[in-house]
Structure formats: C-alpha cells, structure tokens
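Since the structure comes first, as structure tokens, the remarks are kept for the end.
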Amino acid sequence: MPVESVFPRLEALLPHVQKPIQYVGGELNSTVKDWDACDVRWALMYPDAYEVGLPNQGVMILYEVLNEREGVLAERTYSVWPDLEALMREHGVPQFTVDAHRPVKDFDLFGLSFSTELGYTNMLTALDLAGIPLESKDRGLDDPIVLAGGHAAFNPEPIADFLDCAVVGDGEQAVLDMTEIVRAWKAEGRPGGRDEVLLRLAKTGGVYVPRFYDVEYLPDGRIGRVVPNRPGVPWRVSKHTVMDLDEWPYPKQPLVPLAETVHERMSVEIFRGCTRGCRFCQAGMITRPVRERSITGIGEMVDRGLKATGFEEVGLLSLSSADHSEIADVTKGLADRYAEDKIGLSLPSTRVDAFNIDLANELSRNGRRSGLTFAPEGGSERIRKVINKMVSEEDLINTVATAYGNGWRQVKLYFMCGLPTETDEDVLQIGEMAKNVIAKGREVTGGNDIRCTVSIGGFVPKPHTPFQWAPQLSAEDTDARLAKLRDSIRHDRKFGKNIGFRYHDGKPGIVEGLLSRGDRRIGAVIRAVYDDGGRFDGWREHFSYDRWMACAEKGLAGTGVDVDWYTTRERTYEEVLPWDHLDSGLDKDWLWEDWQDALEEVEVEDCRWTPCFDCGVCPQLGTHIQVGPTGQKLLPLSVVNK
Ligand code: SF4
C-alpha cells in the first residue's frame, strides 16, 4: 500500500512558520524511491534543526548506503522548530520525512544519530509527533524499531527506556546487516513480533537491546551489575569498525541544502580514528584504530563530489586532519588541480604540532586567507601533560609567528576549563599564552593590528575515556575560574584590547555531564524535561538549566542519587560504570592506568609512530594501525567541469 504524503496538510502550515524552506525537501542529490518496490524502509534523523542536521556526514553516508541497495529505502527527518511543532499538534500533522513527506511511523526502522546528548529531548518530541509511544515497552508491531547511533550511543543508558536498540561504532555495514535481519523477519511473516526481531538483532552481538538487560543497583546507588535476561544475548555488545575506508567512498553524491546550513561545503573524511591519546577526547578514543583513506581515494571523492554538487569549498575532515600521512601531497595536489576553479580547501581540525605554514599556504591558495584556529586545550604546560596534549608553548608561538609572517592576522585558540587537577593558575595561563602570541605577532609583523581570540568551553568527562572516573568541576567553580581569567585579560593595558574572549558558562556542561555519564535512572529526568516543554537543549536560547535541575530533583526522587552524584563525584576503580557492557575495544585496565598517569602528569606517545601501548583495540579487532604513506600522487587531472 502506498503511503500518503503529508505535504498537502503541511503546506498549509508553512506560511505561518519561520524558514519554511527547511521542511520542503527536494535538495540536489536527494532520493525518493518507490515505497512499494522496497521491503525495508528506514527513516533517518539527526535530532536537531535542518541547518545543523543536513550537513551531518553520518546521516548523509547512511542515507546513500541504504538507498543504493535494491529493495531498501531511506528518507531523512529533522527536528521541527517549536512554531511548527505547535501547528502540527493543532492540525494533527505527524513527524514527516523531508524527502517524500511520509509519516515516520510508517517506516520499519527509525534511526537517530546522536553526536551530542543534548538532542535527547528532541528525540522525544519527534517520537511523540510521529505517534510512536515514547517508551519501548509500549510499542506494538506496527511501530518502527527505534535505534540510536553516533558517539553519544556509546552510553545509551539514559535513553534506554526510549530505545529499542543502539548500535556503537561505524554504521555503514551495520545498517546493511540490520536491514537483512529485518527483511528476513518480515518475509517470514514477522514471527514472534517485535520481541523476536529484537532478539535476532541482539544475538548478532553488535546490536544493544536495552530491554534484554537488567540493571541491579547497590544500596549506595552504584550499579551492582548489568545482566542479560535472555538466553543467547551477549554480556557485552561490540562496536562496529569499517576497516577499509576506500571501500566506502561515501557520500558519493553529497546533499546540497536548500536552506542556509552551518557548513556550505562538501566534505571528505580523510581518515577515521586517532591515536594521539588526548585523555579528554571521547571521539579519539572510541574511533580507534586509525584508518586512512588513500590519496587516490580522496582525489576521486573530491572530483566526484564537486561534479555532483557545484560546491566551491572542500573540507578535509577527520579528528586531526594534518596527521594524515600524505597530507602535504593531498593538499598540494588538490590546490594544483583546482587552481583555476578557485576551489577552496579547509582542514577543520588541525593540531599545532602537525601544522606547518606550507600546509596553511596550500589551503589558502585558492581561497581566502581567513583565520587560523588551534586547540592547545590547556593553558599551562602542566595541565597539557595531564590531558596528554603534547603541545609546548614554544611550538605554538613558533607556528603562529610563521603564520603572521605569511600574512595571517587572526589566530583563534581553543581551551577547556575544568580539566582534572586544574587550578586557577592553570587557567590564568591561558591569558599569558594569548599575550605571548600577540607579542610575537607584533614582533614579526612590526604592526599592532594583531588579534588573538581565546575561546573556552567547559570540560565534560566522557565515557570510554581515561577521564571517565574524574570529578567534573561544578558550574559555580567553572564560572568563578573563568571570571578571574576574564578580569586578568581585561585589565591588561598592553594586550587586553587585542584579545577576544569567548566562553560559555558552566551550567550547560553540568547537564551534558549528567546525560553523558548517567544511567537508566536519568531517563525519568529527560522525560520530565520533555513533558515540561524542554526542546533544542543544544541551543542557548532554548536551554533552561533551572528546568533541568527542577526535573532532576523530581525524576531522581527516592533513588538516593542526585545531579552532583552523577557529575562532580569521582568514581573508583571497582565501580561498575553504566556503559561497561558496551565494548569500545578499549581495555578498561588500560584506561585506568592512563587515568593514573594523568594524575601523575605522565604523557604517552602517539602509537602511530611509537610502539603500541596496549590500549586493546587492535588485537581485539585483529588489526593494526593503518597508515601510509602509499607513495602515490594526485595527478592534476582536470577533469572538473567548468
Ligand atoms: S592497540 Fe596499540 S597500536 Fe592499536 S590503537 Fe591501541 S595502543 Fe595504538
């Protein structure tokens, strides 16, 4: 049976909402397949507004991987703004996909990609608008299977009640494997109902089905153990890892947004994983090992993507792009190839120590010479040892001096506040570093028009990192520390006016911390916030700390634990952590040793270039670090359409 589009009903509402264009679909390279010609149908959601969700690479890749398959269909859906939500409720219009405006409830699977925990309330809004019961236990045979992926899914416990399942790691092969299981179950006439299909998924060992695990608590509130409650369900769920990126050259046909979005460029992921070992960085830890895309693979993706989109900028994405073993050849090859077309290149994540000015010059050759951003993360040498971010102030100043000497004028430095063992003095050093950068810039250029912007975020300890045991700094202490830094910068007569200072207050970090290291008891808090009108918590103008705290008090009443227990409390080695049964490949004992090394200010080297330090990932995956150089070059082909 064809499924009816809700567009005629939606269209009548669009003149009354802001930015209606974001809801109409039909983007270049979007796909609408015949509903009846497909037997497995996915709705994919990035639970934020279109402008943030559309450029998301994870969703874009899975959308294409699935739609390329015969008999499989995938459509996208994003969070609707509160103005449209109110009208949809009033007029009975359900959550819809932007591709064919089909109701989300009619799909077989509803997959949400969470890069941040602050999207959880948006998931509840979408489920409710879709007419899908919020809790897994209340869903019936005709409701989609609701699953989560993305980095936040490495601890899905706070949203366990709302999920049917979660998948950790790379999604490309995982969604295809799940599709086959659902297809077979449907073809057999859906035996055993939802329970059976979820059991089949769980038995693969790579799909976490929360309802098949019981959580037992100790009298003091800590977790005693997490136990499978069905035969055949594994004690630990493994992450998925795609080993050869060249076999997965997606997106091949990147989506071109209709409305304004946060990134207007095409992106090519040049490698996955990171071995630098920054202890605060969850992405670096959970995406190991390093897997590089080959230089020729990158060249082909850029060529095909530009032809398919008409974008004028290419972002070379990864966690630390300048670390690609052939980055110099990649950037030079691309800059040469697209010199006439004025295609700009950008490297969104660049480390100070992997950056050199030749690279910067190649990047800006075909585009504008805008600002440079570096992330020393910690203000003092001591705290950088604690976090294992091995960047010396001397390295930074030298790099920046060369940049100023080559015509760059704006440098942005990114830091965190609230790192383990941090003192006021460590944070005040941030101001000193900014002053030294400006002083060097003045010396090199002989001018006074040098600016340095310091941007500071609050540190949130994350699961599957050595800091998963660390106490988080309270919002009040974070704010007090940042106020001291602000005053010291403002009162500096020589440099104060040339230093830009941007920071967030400590409150959103506490909510993020609660959701990041929470367990199933936090589900009641999320539900209470949603019921009270909480939406778009990642947006400053929508976020309400007071609402979260009031709902936490209500949601956690009678449990004996509270927000401080989840955030500012230090954990011990023995404690069972809520995410221990989700296996990121990292050995827990290695993480603990690394945490002890942090406290003793001992650094570890990058295992790409030095001997393995046994974090556990490679042996578990039966692999090894994959790095070049391959020795191949990018030919200045010129096959680009003009
Ligand atoms: S197992 Fe060894 S080589 Fe592999 S990521 Fe861990 S430390 Fe590096």
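By convention here, the chains of the structure tokens are called A, B, ... in the order presented, each chain's residues are numbered starting at 1, and ligands are numbered starting at 1 in the order presented.
Neighbours of range 525-533 of chain A closer than or equal to 6 Å, with only C-alpha atoms counted and sequence neighbours fewer than 5 positions away skipped, come out as A:Thr121, A:Cys551, A:Ala552, A:Gly555.
Residues of protein, DNA or RNA lying at most 8 Å from ligand 1, when only C-alpha atoms and all ligand atoms are considered, are A:Thr275, A:Arg288, A:Pro289, A:Val290, A:Leu586, A:Asp606, A:Cys607, A:Arg608, A:Pro611, A:Cys612, A:Phe613, A:Asp614, A:Cys615, A:Gly616, A:Val617, A:Cys618, A:Pro619, A:Thr623, A:His624, A:Ile625.
Closest approach to Glu70 in chain A among A:Leu176, A:Leu163, A:Leu127, A:Val563 is made by A:Leu176 (distances from only C-alpha atoms).
For Val59 in chain A, the residues within 9 Å (counting only C-alpha atoms, excluding itself and residues fewer than 2 positions away along the chain) are Leu44, Met45, Tyr46, Gly53, Leu54, Pro55, Asn56, Gln57, Ile61, Leu62, Tyr63, Glu64, Arg76, Leu112 and Ser113 of chain A.
All residues of protein, DNA or RNA that reach within 9 Å of Lys435 in chain A, judged by only C-alpha atoms and not counting those fewer than 5 positions away in the chain, are Ile430, Lys440, Cys452, Ile489, Lys494, Phe495, Gly496, Asn498 and Ile499 of chain A.
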Coordinates-based distance that separates CA of Gly457 in chain A from CA of Ala475 in chain A (Å, one decimal):
11.9 Å
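One distance worth recording is that between CA of Tyr414 in chain A and CA of Ser455 in chain A, which is 4.9 Å.
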